[in-house]
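Structure record follows, encoded as structure tokens.
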Number of protein chains: 2
Amino acid sequence: MSHTNHHVPTIVIGRLPLYLRALTQLAVEGRRVTSSQELSEKLGFSSAQIRKDLSYFGEFGKQGTGYEIEFLENALREILQVDRVWNMALVGAGDLGHALANYDGFELRGFRITAIFDSAPAKIGAMLGNWRVLPMDTLRETVRAQKIYLAIIAVPAAAAQAVADELVQGGVRAILNYAPTTLSVPPQIKVFHIDPVAGLQSMTYYL
Amino acid sequence: MSHTNHHVPTIVIGRLPLYLRALTQLAVEGRRVTSSQELSEKLGFSSAQIRKDLSYFGEFGKQGTGYEIEFLENALREILQVDRVWNMALVGAGDLGHALANYDGFELRGFRITAIFDSAPAKIGAMLGNWRVLPMDTLRETVRAQKIYLAIIAVPAAAAQAVADELVQGGVRAILNYAPTTLSVPPQIKVFHIDPVAGLQSMTYYL
């Protein structure tokens with residue numbers, strides 16, 4: 001697959017996980033073949049958009065017969081590099097941290113939490129899922145030693161930037177940020193911001 | 001403002017909350033004017049894209065002087081209909097429900113939780129934030145009586161579709177879905193899916 005030869009727009013990369021999720025759901029339903037039209041109806045992007053996005057990475061569909069679901073799923077997993085399982089650090093052992101630590105949707109889709117940190121003495125040392133909560137001042141050395149490249153920030157907004165700084169110094173290269181604040185990080189570090197209000201606001205337009 | 005006269009693509013509407021969030025952050029920093037270039041650097045969309053998106057709704061920028069932040073913020077709030085506060089139902093009083101009930105970022109941006117539901121006898125009747133957790137079998141009548149049009153689903157995947165059905169029957173028109181499953185709803189109902197794994201997968205491509 002020649003998928004590293006082209007520069008693919010970020011917005012296209014952002015849609016690939018949605019295609020993968022829809023394909024996996026179809027596979028679970030026992031389906032073997034789909035079409036850009038069906039994916040379009042499920043996802044709300046035009047079928048032309050879907051065909052164009054996928055064409056960056058090769059020829060997946062055949063005129064008239066559509067896409068082989070399992071083949072396209074595997075190709076997207078390889079492209080997105082989730083044909084493996086990535087270790088993640090979780091920072092913040094509050095309510096949200098508990099929900100994330102107990103979330104069972106990570107591992108099947110390429111991720112697992114392997115280290116959990118908090119700054120509150122009452123939380124440090126407690127078990128959360130399979131892991132003992134570690135003190136924040138061990139964050140940098142732990143993620144470095146364990147070669148953890150991904151982290152989830154689930155701390156209050158006021159604490160998030162300091163956490164991000166420590167993560168980056170420890171070698172983390174991508175951050176899923178639940179804190180309601182924009183993080184300032186070096187340009188090579190990826191940040192994905194989970195912002196429930198932005199989602200709500202994109203719906204109230206239509207009400 | 002003639003913003004209801006055109007059909008604006010869904011994808012454009014989805015970017016408006018990100019513009020609004022960036023503008024609010026600039027305002028908090030004491031700034032009064034910005035440019036499509038600056039917004040482009042903050043958000044990762046091209047400045048041409050930003051100008052085109054905003055031009056659907058009128059003339060906000062002046063050549064050479066940029067955008068008045070407060071004016072554009074207020075216009076976007078009006079367009080997105082968050083120049084008011086929407087009542088929301090929260091379904092699910094587990095760890096995630098607790099995190100959402102205690103989240104202080106809703107009200108300033110147009111939303112507040114005013115009813116909380118769960119099906120577990122141990123949770124029903126307990127206080128969560130300002131509210132007593134109500135039994136699930138009162139969901140439909142309560143959202144209907146309180147004229148609640150927005151809801152957050154924070155229940156396990158297996159329970160989510162039944163919750164969505166009840167919400168829709170009670171008159172809810174937009175759902176923020178945290179459950180890791182795709183909901184089947186009538187076409188006029190809006191659903192925004194919070195999927196942390198899709199966010200993570202959009203970053204592993206670059207690692």
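Ligands are numbered from 1 in the order shown, residues from 1 within each chain, and chains are lettered A, B, ... in the order they appear in the structure tokens.
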Open item on the list: List as a list in words the protein and nucleic acid residues near Tyr206 of chain B, meaning an atom at most 12 Å away when only C-alpha atoms are counted, but skip any in the same chain fewer than 6 places from it.
Closed with: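 Residues meeting the cut-off are Thr4, His7, Val8, Pro9, Thr10, Ile13, Gly14, Ile79, Leu80, Gln81, Val82, Tyr149, Leu150, Arg173, Ala174, Gln188, Ile189, Lys190 and Val191 of chain A; Leu200 of chain B.
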I need the chosen residues saved as a short mmCIF file (atom, residue, chain, number, x, y, z; two decimals), in the first residue's frame, with C-alpha atoms.
data_model
loop_
_atom_site.label_atom_id
_atom_site.label_comp_id
_atom_site.auth_asym_id
_atom_site.auth_seq_id
_atom_site.Cartn_x
_atom_site.Cartn_y
_atom_site.Cartn_z
CA THR A 4 2.73 7.18 2.87
CA HIS A 7 0.21 14.22 1.65
CA VAL A 8 -3.34 13.52 2.77
CA PRO A 9 -5.35 16.45 4.19
CA THR A 10 -5.91 16.32 7.96
CA ILE A 13 -7.61 11.53 8.09
CA GLY A 14 -10.22 12.69 10.61
CA ILE A 79 -3.43 3.12 7.56
CA LEU A 80 -4.48 4.49 10.98
CA GLN A 81 -1.89 2.26 12.65
CA VAL A 82 -4.49 0.65 14.90
CA TYR A 149 3.19 7.95 23.29
CA LEU A 150 -0.51 8.63 23.91
CA ARG A 173 3.20 12.66 21.09
CA ALA A 174 -0.60 12.69 21.05
CA GLN A 188 4.64 18.19 16.21
CA ILE A 189 2.38 17.15 19.13
CA LYS A 190 -1.17 16.14 18.16
CA VAL A 191 -4.10 17.18 20.35
CA LEU B 200 -7.37 8.76 19.16
#
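For Ala158 of chain B, the set of protein, DNA and RNA residues having any atom at most 10 Å away, when counting only C-alpha atoms and skipping those fewer than 5 positions along the same chain, is Val163, Ala179, Pro180 and Thr181 of chain B.
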Open item on the list: List as number ranges by chain the protein and nucleic acid residues near Ala27 of chain B, meaning an atom at most 10 Å away when only C-alpha atoms are counted, but skip any in the same chain fewer than 6 places from it.
Closed with: B: 21, 33-34, 69-70, 73
Task: All residues 12 Å or closer to Asn102 of chain B, only C-alpha atoms, same chain fewer than 4 positions away omitted, as number ranges by chain - done: A: 94-96, 156; B: 90, 93, 95-98, 106-107, 112-113, 127-131
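The closest residue to chain B, picked from A:Ala99, A:Ala122, A:Ile11, A:Val185 and counting only C-alpha atoms, is A:Ala99.
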TODO: Determine, counting only C-alpha atoms, which protein, DNA and RNA residues have an atom within 12 Å of an atom of Thr24 of chain B; residues of the same chain fewer than 3 positions away are not included. Present the result as a list in words.
DONE: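 Counting only C-alpha atoms, the residues come to Thr181 and Thr182 of chain A; Pro17, Leu18, Tyr19, Leu20, Arg21, Ala27, Val28, Glu29, Gly30, Arg31, Arg32, Val33, Thr34, Leu39, Glu68, Ile69, Glu70, Phe71, Leu72, Glu73, Asn74, Leu76, Arg77, Leu108 and Arg109 of chain B.
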TODO: Measure the distance from atom CA of Thr114 of chain B to atom CA of Ala157 of chain A in Å and round it to one decimal.
DONE: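 So the answer is 23.4 Å.
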